[in-house]
Each structure stands twice: as structure tokens, then as C-alpha cells.
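Have a look at target_33.csv below; it lists CSV, C-alpha atoms.
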```csv
chain,number,residue,atom,x,y,z
A,1,MET,CA,-21.2,-23.6,-36.4
A,2,ASN,CA,-19.2,-21.6,-34.1
A,3,SER,CA,-18.0,-18.2,-35.2
A,4,PRO,CA,-14.4,-17.3,-34.7
A,5,ALA,CA,-13.8,-15.8,-31.4
A,6,VAL,CA,-13.0,-12.1,-31.5
A,7,SER,CA,-9.9,-11.7,-29.4
A,8,ALA,CA,-9.4,-8.7,-27.1
A,9,PRO,CA,-6.6,-6.3,-28.1
A,10,ASP,CA,-3.2,-7.4,-27.0
A,11,PRO,CA,-1.5,-4.2,-25.7
A,12,ASP,CA,1.9,-6.0,-25.0
A,13,GLY,CA,1.8,-7.5,-28.5
A,14,LEU,CA,1.1,-4.1,-30.0
A,15,LEU,CA,3.9,-2.5,-28.1
A,16,ALA,CA,6.3,-5.3,-29.2
A,17,GLU,CA,5.2,-4.7,-32.8
A,18,GLN,CA,5.7,-1.0,-32.5
A,19,LEU,CA,9.2,-1.5,-31.1
A,20,LEU,CA,10.1,-3.8,-33.9
A,21,ARG,CA,8.9,-1.3,-36.5
A,22,LEU,CA,10.8,1.5,-34.7
A,23,THR,CA,14.0,-0.7,-34.7
A,24,ARG,CA,13.7,-1.3,-38.5
A,25,ARG,CA,13.1,2.4,-39.1
A,26,LEU,CA,16.1,3.4,-36.9
A,27,HIS,CA,18.2,1.0,-38.9
A,28,ARG,CA,17.1,2.4,-42.2
A,29,ILE,CA,17.7,6.0,-41.1
A,30,GLN,CA,21.1,5.2,-39.5
A,31,LYS,CA,22.1,3.4,-42.7
A,32,ARG,CA,21.1,6.4,-44.9
A,33,HIS,CA,23.1,8.7,-42.7
A,34,LEU,CA,26.2,6.4,-42.7
A,35,GLU,CA,26.3,5.9,-46.5
A,36,PRO,CA,28.1,9.2,-47.2
A,37,VAL,CA,30.7,8.2,-44.6
A,38,GLY,CA,31.2,5.0,-46.5
A,39,ILE,CA,30.6,2.7,-43.5
A,40,THR,CA,28.0,0.2,-42.5
A,41,PRO,CA,26.1,0.3,-39.1
A,42,ALA,CA,28.1,-2.8,-38.0
A,43,GLN,CA,31.4,-1.3,-38.9
A,44,SER,CA,30.4,1.9,-37.1
A,45,ARG,CA,29.6,0.0,-34.0
A,46,LEU,CA,33.0,-1.8,-34.1
A,47,LEU,CA,34.9,1.4,-34.7
A,48,ARG,CA,33.2,3.1,-31.7
A,49,LEU,CA,34.0,0.0,-29.6
A,50,VAL,CA,37.7,0.0,-30.6
A,51,ALA,CA,37.8,3.7,-29.7
A,52,HIS,CA,36.2,2.9,-26.3
A,53,TYR,CA,39.3,0.9,-25.4
A,54,GLY,CA,41.5,4.0,-25.7
A,55,ASP,CA,45.2,3.3,-25.2
A,56,ALA,CA,44.8,-0.4,-24.6
A,57,PRO,CA,43.7,-1.7,-28.0
A,58,PRO,CA,41.4,-4.7,-27.8
A,59,ARG,CA,42.0,-8.2,-29.1
A,60,MET,CA,39.6,-9.7,-31.7
A,61,ALA,CA,38.2,-11.9,-29.0
A,62,ASP,CA,37.4,-8.9,-26.8
A,63,LEU,CA,35.5,-7.3,-29.6
A,64,ALA,CA,33.6,-10.4,-30.4
A,65,ALA,CA,32.6,-10.8,-26.8
A,66,ARG,CA,31.5,-7.2,-26.4
A,67,LEU,CA,29.5,-7.3,-29.7
A,68,GLU,CA,28.1,-10.7,-28.8
A,69,VAL,CA,29.0,-12.2,-32.2
A,70,VAL,CA,31.2,-15.0,-33.4
A,71,PRO,CA,34.9,-14.1,-33.9
A,72,ARG,CA,34.5,-14.7,-37.7
A,73,ALA,CA,32.1,-11.8,-37.9
A,74,VAL,CA,34.6,-9.5,-36.2
A,75,THR,CA,37.3,-10.6,-38.6
A,76,SER,CA,35.1,-9.6,-41.5
A,77,LEU,CA,34.3,-6.2,-40.0
A,78,VAL,CA,38.0,-5.6,-39.2
A,79,ASP,CA,39.0,-6.7,-42.7
A,80,GLY,CA,36.7,-4.0,-44.2
A,81,LEU,CA,37.8,-1.3,-41.8
A,82,GLU,CA,41.5,-2.2,-42.3
A,83,ALA,CA,41.1,-2.1,-46.1
A,84,ALA,CA,39.6,1.4,-45.7
A,85,GLY,CA,42.6,2.5,-43.5
A,86,ARG,CA,40.4,3.0,-40.4
A,87,VAL,CA,42.0,0.4,-38.2
A,88,ARG,CA,45.2,-1.7,-38.2
A,89,ARG,CA,46.1,-5.0,-36.8
A,90,ALA,CA,49.1,-4.8,-34.4
A,91,PRO,CA,51.0,-7.6,-32.5
A,92,ASP,CA,50.6,-7.6,-28.8
A,93,PRO,CA,54.0,-6.6,-27.3
A,94,ALA,CA,53.6,-9.2,-24.5
A,95,ASN,CA,52.3,-12.1,-26.6
A,96,ARG,CA,53.2,-12.2,-30.3
A,97,ARG,CA,50.3,-14.7,-31.0
A,98,VAL,CA,47.8,-12.1,-30.0
A,99,VAL,CA,46.6,-9.4,-32.4
A,100,ARG,CA,45.3,-6.1,-31.2
A,101,ILE,CA,43.1,-3.8,-33.2
A,102,GLU,CA,44.2,-0.1,-33.2
A,103,LEU,CA,42.5,3.0,-34.6
A,104,THR,CA,44.3,4.9,-37.3
A,105,ASP,CA,44.2,8.6,-37.9
A,106,GLU,CA,41.7,7.9,-40.6
A,107,GLY,CA,39.6,5.9,-38.1
A,108,ARG,CA,39.6,8.8,-35.7
A,109,ALA,CA,38.5,11.2,-38.5
A,110,THR,CA,35.7,8.7,-39.4
A,111,LEU,CA,34.6,8.7,-35.7
A,112,ARG,CA,34.1,12.4,-35.9
A,113,GLU,CA,32.0,12.0,-39.0
A,114,LEU,CA,30.1,9.3,-37.4
A,115,ARG,CA,29.2,11.5,-34.4
A,116,SER,CA,27.7,14.0,-36.8
A,117,ALA,CA,25.8,11.3,-38.8
A,118,ARG,CA,24.4,9.8,-35.6
A,119,ARG,CA,23.2,13.2,-34.3
A,120,ALA,CA,21.5,13.8,-37.7
A,121,ALA,CA,19.9,10.3,-37.6
A,122,ALA,CA,18.7,10.9,-34.0
A,123,GLU,CA,17.2,14.2,-35.0
A,124,ASP,CA,15.4,12.6,-37.9
A,125,ILE,CA,13.8,9.9,-35.7
A,126,LEU,CA,13.1,12.2,-32.7
A,127,ALA,CA,11.9,15.2,-34.7
A,128,PRO,CA,8.2,14.6,-33.8
A,129,LEU,CA,8.9,14.7,-30.1
A,130,THR,CA,9.0,17.6,-27.8
A,131,ALA,CA,12.0,18.0,-25.3
A,132,ASP,CA,9.8,16.7,-22.5
A,133,GLN,CA,8.7,13.7,-24.6
A,134,ARG,CA,12.3,12.9,-25.4
A,135,GLU,CA,13.2,12.9,-21.7
A,136,VAL,CA,10.3,10.6,-20.9
A,137,LEU,CA,11.4,8.3,-23.8
A,138,GLY,CA,14.9,8.3,-22.5
A,139,ASP,CA,13.7,7.2,-19.1
A,140,LEU,CA,11.5,4.5,-20.5
A,141,LEU,CA,14.3,3.1,-22.7
A,142,THR,CA,16.7,3.1,-19.8
A,143,ALA,CA,14.1,1.1,-17.8
A,144,LEU,CA,13.9,-1.4,-20.6
A,145,ALA,CA,17.5,-1.6,-21.8
A,146,GLY,CA,19.5,-0.4,-18.8
A,147,PRO,CA,21.8,2.6,-18.6
A,148,ALA,CA,24.0,3.4,-21.6
A,149,PRO,CA,27.5,1.9,-21.3
A,150,GLU,CA,30.3,4.2,-20.2
A,151,GLY,CA,31.9,6.1,-23.1
A,152,GLY,CA,28.7,5.8,-25.1
A,153,CYS,CA,29.7,2.7,-27.2
```

In C-alpha cells, what does this structure look like?
Amino acid sequence: MNSPAVSAPDPDGLLAEQLLRLTRRLHRIQKRHLEPVGITPAQSRLLRLVAHYGDAPPRMADLAARLEVVPRAVTSLVDGLEAAGRVRRAPDPANRRVVRIELTDEGRATLRELRSARRAAAEDILAPLTADQREVLGDLLTALAGPAPEGGC
């Protein structure tokens, strides 16, 4: 009878598992900090993305492409944000068939709250790290994920 082979540790597999655990933890912490604002992480991302467009409000298709989701998912997110008064649908002045998504004053106020919530969530997750470790982590994450998009969306 052969005994089961003892496999050598898999450092890459361990790193992948640690990244997955960290991602889940980040999501839980972010969700906890967003609850008082009354917004989901997905709605938060969409709201920040709409703000990124500035004076040229995006079309639903633009948002779906940037978020890498199906248009129906964006419709659901916009529905929720519109019901809360944070965005509004507006006709495109050049093409009445196109709908643009605009921030409302309530949406801009929510963005200010989101910035505070995101800072608090980041502090929760990064608390164990020194300033030097945070800098190294930032460099490593940039190497893995690429630089942050302009405007911090």
C-alpha cells in the first residue's frame, strides 16, 4: 500500500487564498461602513463612477461597460439610487432615445459621506500596518492591479 504523498507547500496557492480572504474581509468592512449611509457597495461604486464623468453625464451603456456588468445590472443600481434621490435619468439633448444619468444634490452629499466611510473602512483594514508597510503594500497592489484610474473611481 502506498501512503498518500505529502505535497510541498504551495506558496502561490497560499497567497491566492490570503488575497481571497482579504477581499472578503474588505467587502464586509466596507459594507459595515456603508450601512449608515444607506447604500450598498455596488451603488457606491456606481455613484462614484457617475461623479467621475463630471459635466458630461454617462449613458447607461457607458456605466455598464466601465463596471464590466450587463446593462440590466446597471438599471437595477440606477433604479435604487434614483428612488433615493441620488441620481436622475435625463434625456440626452442630442438624441432623445439616449438616457443620461446625472448626480443630484443628494447624490453629491452622499459622495461626501462615502469618502468618510471609505477612509474609515481603509483605516480599519490597514490599522495593523505601519506607514512604511502601507507604502510597500500600495506598491505591490499597483504591480498586481495596475495604477488607480484617474479621479479615483

> Excluding same-chain residues fewer than 2 positions from A:Arg59, what lies within 9 Å of it counting only C-alpha atoms, as a VMD selection string?
Replying inline: chain A and resid 57 61 to 64 92 98 to 101

>> Which residues are near A:Leu103? Cut-off 8 Å, only C-alpha atoms, ignore same chain within fewer than 3 positions. Put them as a ChimeraX atom specification.
In response: /A:47,50-51,86-88,106-108

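You will find atom CA of A:Val74 at 9.2 Å from atom CA of A:Gln43.
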
> What does the distance from atom CA of A:Leu49 to atom CA of A:Arg66 come to in Å, to one decimal?
Replying inline: 8.3 Å

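Residues in contact with stretch 75-79 of chain A at 8 Å, where only C-alpha atoms are counted and same-chain residues fewer than 4 positions away are skipped, are listed as A:Ala42, A:Gln43, A:Leu46, A:Met60, A:Pro71, A:Ala83, A:Val87.
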
>> At a cut-off of 12 Å, using all atoms listed in the file, what residues contact A:Glu35? Leave out same-chain residues fewer than 4 positions from it and give the result as an MDAnalysis selection string.
In response: chainID A and resid 28:31 39:41 43:44 113:114 117:118 121

Using all atoms listed in the file, which residues sit within 12 Å of A:Leu126 once same-chain residues fewer than 4 positions away are excluded, as an mmCIF file with C-alpha atoms, keeping the file's coordinate frame?
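Everything below was put into around14.cif:
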```
data_model
loop_
_atom_site.group_PDB
_atom_site.id
_atom_site.type_symbol
_atom_site.label_atom_id
_atom_site.label_comp_id
_atom_site.auth_asym_id
_atom_site.auth_seq_id
_atom_site.Cartn_x
_atom_site.Cartn_y
_atom_site.Cartn_z
ATOM 1 C CA LEU A 22 10.800 1.500 -34.700
ATOM 2 C CA ARG A 25 13.100 2.400 -39.100
ATOM 3 C CA LEU A 26 16.100 3.400 -36.900
ATOM 4 C CA ILE A 29 17.700 6.000 -41.100
ATOM 5 C CA ARG A 118 24.400 9.800 -35.600
ATOM 6 C CA ARG A 119 23.200 13.200 -34.300
ATOM 7 C CA ALA A 120 21.500 13.800 -37.700
ATOM 8 C CA ALA A 121 19.900 10.300 -37.600
ATOM 9 C CA ALA A 122 18.700 10.900 -34.000
ATOM 10 C CA THR A 130 9.000 17.600 -27.800
ATOM 11 C CA ALA A 131 12.000 18.000 -25.300
ATOM 12 C CA ASP A 132 9.800 16.700 -22.500
ATOM 13 C CA GLN A 133 8.700 13.700 -24.600
ATOM 14 C CA ARG A 134 12.300 12.900 -25.400
ATOM 15 C CA GLU A 135 13.200 12.900 -21.700
ATOM 16 C CA LEU A 137 11.400 8.300 -23.800
ATOM 17 C CA GLY A 138 14.900 8.300 -22.500
#
```

> Separation of atom CA of A:Arg72 and atom CA of A:Gly38, in Å?
Replying inline: 21.8 Å
